[in-house]
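J.: Please find input01.cif (mmCIF, N, CA and C atoms) on the next line:
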```
data_data
#
loop_
_atom_site.group_PDB
_atom_site.id
_atom_site.type_symbol
_atom_site.label_atom_id
_atom_site.label_comp_id
_atom_site.auth_asym_id
_atom_site.auth_seq_id
_atom_site.Cartn_x
_atom_site.Cartn_y
_atom_site.Cartn_z
ATOM 1 N N MET A 117 22.098 20.132 -4.723
ATOM 2 C CA MET A 117 21.518 19.111 -3.861
ATOM 3 C C MET A 117 21.488 17.787 -4.634
ATOM 4 N N PRO A 118 21.894 16.685 -4.003
ATOM 5 C CA PRO A 118 21.929 15.405 -4.725
ATOM 6 C C PRO A 118 20.533 14.873 -5.007
ATOM 7 N N LYS A 119 20.457 14.141 -6.098
ATOM 8 C CA LYS A 119 19.192 13.521 -6.471
ATOM 9 C C LYS A 119 18.903 12.375 -5.501
ATOM 10 N N THR A 120 17.686 12.288 -5.034
ATOM 11 C CA THR A 120 17.339 11.250 -4.068
ATOM 12 C C THR A 120 17.079 9.924 -4.771
ATOM 13 N N LYS A 121 17.351 8.870 -4.075
ATOM 14 C CA LYS A 121 17.119 7.531 -4.618
ATOM 15 C C LYS A 121 15.655 7.147 -4.443
ATOM 16 N N ILE A 122 15.184 6.292 -5.320
ATOM 17 C CA ILE A 122 13.821 5.776 -5.228
ATOM 18 C C ILE A 122 13.862 4.520 -4.363
ATOM 19 N N LYS A 123 12.929 4.414 -3.452
ATOM 20 C CA LYS A 123 12.884 3.225 -2.606
ATOM 21 C C LYS A 123 12.239 2.058 -3.349
ATOM 22 N N THR A 124 12.823 0.883 -3.184
ATOM 23 C CA THR A 124 12.252 -0.341 -3.728
ATOM 24 C C THR A 124 11.144 -0.822 -2.807
ATOM 25 N N ASN A 125 10.053 -1.241 -3.373
ATOM 26 C CA ASN A 125 8.972 -1.835 -2.588
ATOM 27 C C ASN A 125 9.425 -3.229 -2.171
ATOM 28 N N ARG A 126 9.697 -3.422 -0.899
ATOM 29 C CA ARG A 126 10.285 -4.663 -0.420
ATOM 30 C C ARG A 126 9.325 -5.842 -0.535
ATOM 31 N N ALA A 127 8.036 -5.595 -0.429
ATOM 32 C CA ALA A 127 7.063 -6.684 -0.594
ATOM 33 C C ALA A 127 7.099 -7.198 -2.026
ATOM 34 N N ALA A 128 7.216 -6.281 -2.988
ATOM 35 C CA ALA A 128 7.282 -6.680 -4.394
ATOM 36 C C ALA A 128 8.604 -7.367 -4.700
ATOM 37 N N ALA A 129 9.683 -6.925 -4.067
ATOM 38 C CA ALA A 129 10.999 -7.509 -4.323
ATOM 39 C C ALA A 129 11.055 -8.977 -3.900
ATOM 40 N N LYS A 130 10.251 -9.344 -2.921
ATOM 41 C CA LYS A 130 10.225 -10.737 -2.466
ATOM 42 C C LYS A 130 9.349 -11.611 -3.363
ATOM 43 N N ARG A 131 8.497 -11.002 -4.170
ATOM 44 C CA ARG A 131 7.532 -11.765 -4.971
ATOM 45 C C ARG A 131 7.868 -11.858 -6.452
ATOM 46 N N PHE A 132 8.658 -10.932 -6.952
ATOM 47 C CA PHE A 132 8.946 -10.882 -8.383
ATOM 48 C C PHE A 132 10.436 -10.918 -8.658
ATOM 49 N N ARG A 133 10.809 -11.552 -9.768
ATOM 50 C CA ARG A 133 12.195 -11.560 -10.246
ATOM 51 C C ARG A 133 12.168 -11.194 -11.723
ATOM 52 N N LYS A 134 13.185 -10.490 -12.167
ATOM 53 C CA LYS A 134 13.256 -10.099 -13.570
ATOM 54 C C LYS A 134 14.015 -11.163 -14.351
ATOM 55 N N THR A 135 13.510 -11.507 -15.523
ATOM 56 C CA THR A 135 14.164 -12.510 -16.363
ATOM 57 C C THR A 135 15.150 -11.821 -17.304
ATOM 58 N N ALA A 136 15.925 -12.604 -18.033
ATOM 59 C CA ALA A 136 16.914 -12.055 -18.956
ATOM 60 C C ALA A 136 16.256 -11.287 -20.095
ATOM 61 N N SER A 137 15.040 -11.669 -20.456
ATOM 62 C CA SER A 137 14.336 -10.984 -21.539
ATOM 63 C C SER A 137 13.614 -9.724 -21.065
ATOM 64 N N GLY A 138 13.662 -9.442 -19.771
ATOM 65 C CA GLY A 138 13.040 -8.234 -19.241
ATOM 66 C C GLY A 138 11.652 -8.429 -18.677
ATOM 67 N N LYS A 139 11.129 -9.649 -18.746
ATOM 68 C CA LYS A 139 9.817 -9.928 -18.171
ATOM 69 C C LYS A 139 9.975 -10.193 -16.676
ATOM 70 N N PHE A 140 8.851 -10.231 -15.970
ATOM 71 C CA PHE A 140 8.864 -10.522 -14.537
ATOM 72 C C PHE A 140 8.231 -11.882 -14.305
ATOM 73 N N LYS A 141 8.876 -12.689 -13.488
ATOM 74 C CA LYS A 141 8.287 -13.978 -13.130
ATOM 75 C C LYS A 141 7.873 -13.945 -11.671
ATOM 76 N N CYS A 142 6.875 -14.738 -11.350
ATOM 77 C CA CYS A 142 6.331 -14.773 -10.008
ATOM 78 C C CYS A 142 5.775 -16.159 -9.739
ATOM 79 N N GLY A 143 5.337 -16.380 -8.533
ATOM 80 C CA GLY A 143 4.763 -17.666 -8.169
ATOM 81 C C GLY A 143 3.278 -17.705 -8.492
ATOM 82 N N HIS A 144 2.701 -18.877 -8.345
ATOM 83 C CA HIS A 144 1.270 -19.060 -8.574
ATOM 84 C C HIS A 144 0.490 -18.841 -7.288
ATOM 85 N N ALA A 145 -0.738 -18.448 -7.429
ATOM 86 C CA ALA A 145 -1.659 -18.350 -6.306
ATOM 87 C C ALA A 145 -2.276 -19.725 -6.042
ATOM 88 N N PHE A 146 -2.977 -19.846 -4.935
ATOM 89 C CA PHE A 146 -3.721 -21.063 -4.557
ATOM 90 C C PHE A 146 -2.809 -22.246 -4.257
ATOM 91 N N LYS A 147 -1.636 -22.027 -3.709
ATOM 92 C CA LYS A 147 -0.703 -23.113 -3.430
ATOM 93 C C LYS A 147 -0.333 -23.193 -1.951
ATOM 94 N N SER A 148 -0.886 -22.324 -1.110
ATOM 95 C CA SER A 148 -0.398 -22.247 0.265
ATOM 96 C C SER A 148 -1.166 -23.117 1.264
ATOM 97 N N HIS A 149 -2.455 -23.298 1.100
ATOM 98 C CA HIS A 149 -3.216 -24.092 2.065
ATOM 99 C C HIS A 149 -4.450 -24.678 1.391
ATOM 100 N N ILE A 150 -5.169 -25.518 2.136
ATOM 101 C CA ILE A 150 -6.317 -26.281 1.625
ATOM 102 C C ILE A 150 -5.887 -27.084 0.400
ATOM 103 N N LEU A 151 -4.829 -27.855 0.571
ATOM 104 C CA LEU A 151 -4.270 -28.606 -0.547
ATOM 105 C C LEU A 151 -4.860 -30.005 -0.687
ATOM 106 N N THR A 152 -5.607 -30.466 0.307
ATOM 107 C CA THR A 152 -6.122 -31.834 0.253
ATOM 108 C C THR A 152 -7.176 -32.014 -0.827
ATOM 109 N N LYS A 153 -7.965 -30.994 -1.103
ATOM 110 C CA LYS A 153 -9.015 -31.130 -2.121
ATOM 111 C C LYS A 153 -8.502 -30.881 -3.532
ATOM 112 N N LYS A 154 -7.271 -30.386 -3.662
ATOM 113 C CA LYS A 154 -6.700 -30.129 -4.984
ATOM 114 C C LYS A 154 -5.988 -31.375 -5.490
ATOM 115 N N SER A 155 -6.118 -31.625 -6.769
ATOM 116 C CA SER A 155 -5.520 -32.826 -7.336
ATOM 117 C C SER A 155 -4.002 -32.705 -7.382
ATOM 118 N N THR A 156 -3.340 -33.837 -7.449
ATOM 119 C CA THR A 156 -1.879 -33.866 -7.520
ATOM 120 C C THR A 156 -1.382 -33.158 -8.771
ATOM 121 N N LYS A 157 -2.081 -33.351 -9.869
ATOM 122 C CA LYS A 157 -1.690 -32.701 -11.125
ATOM 123 C C LYS A 157 -1.787 -31.181 -11.008
ATOM 124 N N ARG A 158 -2.847 -30.725 -10.381
ATOM 125 C CA ARG A 158 -3.033 -29.280 -10.213
ATOM 126 C C ARG A 158 -1.941 -28.677 -9.340
ATOM 127 N N LYS A 159 -1.610 -29.357 -8.248
ATOM 128 C CA LYS A 159 -0.554 -28.863 -7.351
ATOM 129 C C LYS A 159 0.809 -28.900 -8.031
ATOM 130 N N ARG A 160 1.047 -29.906 -8.827
ATOM 131 C CA ARG A 160 2.317 -30.019 -9.550
ATOM 132 C C ARG A 160 2.466 -28.879 -10.560
ATOM 133 N N ASN A 161 1.394 -28.547 -11.252
ATOM 134 C CA ASN A 161 1.440 -27.461 -12.227
ATOM 135 C C ASN A 161 1.587 -26.093 -11.577
ATOM 136 N N LEU A 162 1.178 -25.967 -10.331
ATOM 137 C CA LEU A 162 1.331 -24.697 -9.618
ATOM 138 C C LEU A 162 2.774 -24.454 -9.168
ATOM 139 N N ARG A 163 3.611 -25.489 -9.205
ATOM 140 C CA ARG A 163 5.012 -25.337 -8.793
ATOM 141 C C ARG A 163 5.827 -24.491 -9.763
ATOM 142 N N GLY A 164 5.513 -24.578 -11.032
ATOM 143 C CA GLY A 164 6.303 -23.902 -12.053
ATOM 144 C C GLY A 164 6.211 -22.389 -11.965
ATOM 145 N N ALA A 165 7.070 -21.725 -12.682
ATOM 146 C CA ALA A 165 7.082 -20.261 -12.679
ATOM 147 C C ALA A 165 5.884 -19.710 -13.441
ATOM 148 N N ASN A 166 5.472 -18.545 -13.055
ATOM 149 C CA ASN A 166 4.370 -17.841 -13.682
ATOM 150 C C ASN A 166 4.914 -16.489 -14.128
ATOM 151 N N HIS A 167 4.409 -15.924 -15.202
ATOM 152 C CA HIS A 167 4.880 -14.628 -15.670
ATOM 153 C C HIS A 167 3.801 -13.574 -15.468
ATOM 154 N N VAL A 168 4.245 -12.373 -15.133
ATOM 155 C CA VAL A 168 3.338 -11.249 -14.957
ATOM 156 C C VAL A 168 2.823 -10.836 -16.340
ATOM 157 N N ARG A 169 1.547 -10.538 -16.433
ATOM 158 C CA ARG A 169 0.962 -10.122 -17.708
ATOM 159 C C ARG A 169 1.525 -8.779 -18.142
ATOM 160 N N ALA A 170 1.519 -8.525 -19.427
ATOM 161 C CA ALA A 170 2.089 -7.295 -19.984
ATOM 162 C C ALA A 170 1.386 -6.054 -19.439
ATOM 163 N N GLU A 171 0.080 -6.162 -19.169
ATOM 164 C CA GLU A 171 -0.675 -5.016 -18.646
ATOM 165 C C GLU A 171 -0.206 -4.613 -17.254
ATOM 166 N N ASP A 172 0.286 -5.574 -16.480
ATOM 167 C CA ASP A 172 0.702 -5.310 -15.103
ATOM 168 C C ASP A 172 2.201 -5.130 -14.955
ATOM 169 N N ALA A 173 2.970 -5.415 -15.995
ATOM 170 C CA ALA A 173 4.426 -5.363 -15.896
ATOM 171 C C ALA A 173 4.935 -3.957 -15.590
ATOM 172 N N GLY A 174 4.300 -2.940 -16.130
ATOM 173 C CA GLY A 174 4.720 -1.572 -15.863
ATOM 174 C C GLY A 174 4.555 -1.181 -14.419
ATOM 175 N N ARG A 175 3.486 -1.660 -13.809
ATOM 176 C CA ARG A 175 3.242 -1.378 -12.390
ATOM 177 C C ARG A 175 4.291 -2.051 -11.520
ATOM 178 N N VAL A 176 4.647 -3.285 -11.875
ATOM 179 C CA VAL A 176 5.673 -4.016 -11.127
ATOM 180 C C VAL A 176 7.031 -3.338 -11.313
ATOM 181 N N ALA A 177 7.316 -2.877 -12.520
ATOM 182 C CA ALA A 177 8.597 -2.232 -12.804
ATOM 183 C C ALA A 177 8.766 -0.948 -12.004
ATOM 184 N N ARG A 178 7.690 -0.225 -11.764
ATOM 185 C CA ARG A 178 7.778 0.998 -10.956
ATOM 186 C C ARG A 178 8.099 0.686 -9.497
ATOM 187 N N MET A 179 7.624 -0.462 -9.009
ATOM 188 C CA MET A 179 7.903 -0.838 -7.623
ATOM 189 C C MET A 179 9.329 -1.346 -7.448
ATOM 190 N N LEU A 180 9.958 -1.795 -8.550
ATOM 191 C CA LEU A 180 11.310 -2.350 -8.506
ATOM 192 C C LEU A 180 12.215 -1.540 -9.435
ATOM 193 N N PRO A 181 12.590 -0.325 -9.055
ATOM 194 C CA PRO A 181 13.323 0.543 -9.995
ATOM 195 C C PRO A 181 14.737 0.083 -10.302
ATOM 196 N N TYR A 182 15.357 -0.721 -9.456
ATOM 197 C CA TYR A 182 16.764 -1.078 -9.658
ATOM 198 C C TYR A 182 16.967 -2.512 -10.098
ATOM 199 N N LEU A 183 15.930 -3.150 -10.611
ATOM 200 C CA LEU A 183 16.083 -4.514 -11.142
ATOM 201 C C LEU A 183 16.254 -4.484 -12.639
#
```
Please re-express this file's structure in structure tokens.
T.:
Amino acid sequence: MPKTKIKTNRAAAKRFRKTASGKFKCGHAFKSHILTKKSTKRKRNLRGANHVRAEDAGRVARMLPYL
């Protein structure tokens, strides 16, 4: 009997990307709404990439087996 494939968590696949060094990058929180009270500097800094912490990287890797 053939070995079954593991399904990729599609919600996680839309939120995380793997970098060349093997880490996972993701977006920042607090950037989607209620932006008028946030400063321009704060919103600008939220644009950049964010990296998943080492403690959570294993959990993300299990959801994305083929990345």
J.: Using only C-alpha atoms, pick whichever of A:Ala173, A:Ala165, A:Ala127, A:Leu180 has the shortest atom-to-atom distance to A:Ala145.
T.: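 Closest to A:Ala145, using only C-alpha atoms: A:Ala165.
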J.: Write out as a list of chain:residue names all residues of chain A that DSSP puts in strand (DSSP E) for this structure's backbone.
T.: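 Restricting chain A to strand (DSSP E) produces A:Arg133, A:Lys134, A:Phe140, A:Lys141, A:Cys142, A:Asn166, A:His167.
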J.: Using all atoms listed in the file, tabulate the residues of stretch 151-180 of chain A lying at most 6 Å from any atom of stretch 140-143 of chain A, each with its closest atom pair and that distance in Å to one decimal, by chain and increasing residue number, as a Markdown table.
T.:
```
| residue | atom | partner | partner_atom | distance |
| --- | --- | --- | --- | --- |
| A:Ala165 | C | A:Cys142 | C | 5.1 |
| A:Asn166 | C | A:Cys142 | N | 3.8 |
| A:His167 | CA | A:Lys141 | CA | 4.3 |
| A:Val168 | N | A:Phe140 | C | 4.1 |
```
J.: Grab the atom CA of A:Phe146 to atom CA of A:Ala170 distance for me, in Å with one decimal place.
T.: 21.5 Å
J.: Output the residue selection produced by the PyMOL selection byres (((chain A and resi 181 and name CA) around 9) and name CA) on the file above, formatted as a list in words.
T.: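 On the file shown, the PyMOL selection byres (((chain A and resi 181 and name CA) around 9) and name CA) covers Ile122, Lys123, Thr124, Asn125, Val176, Ala177, Arg178, Met179, Leu180, Tyr182 and Leu183 of chain A.
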J.: Would you mind reading off the distance between atom CA of A:Gly174 and atom CA of A:Thr135, one decimal, in Å?
T.: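 Straight-line distance from atom CA of A:Gly174 to atom CA of A:Thr135 works out to 14.5 Å.
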J.: Could you jot down the atom C of A:Asn161 to atom C of A:Arg126 separation for me, Å, one decimal place?
T.: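 Result for atom C of A:Asn161 versus atom C of A:Arg126: 24.3 Å, one decimal.
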J.: For a quick check of your reading of the model, name the residues lying within 8 Å of the coordinate (-1.7, -22.1, -5.4), counting only N, CA and C atoms, and write them as an NGL selection string.
T.: :A and (143-149 or 158-159 or 162-163)
J.: Tell me, which residues of stretch 122-183 of chain A carry DSSP helix (DSSP H, G or I), written as an MDAnalysis selection string?
T.: chainID A and resid 126:131 156:163 170:179
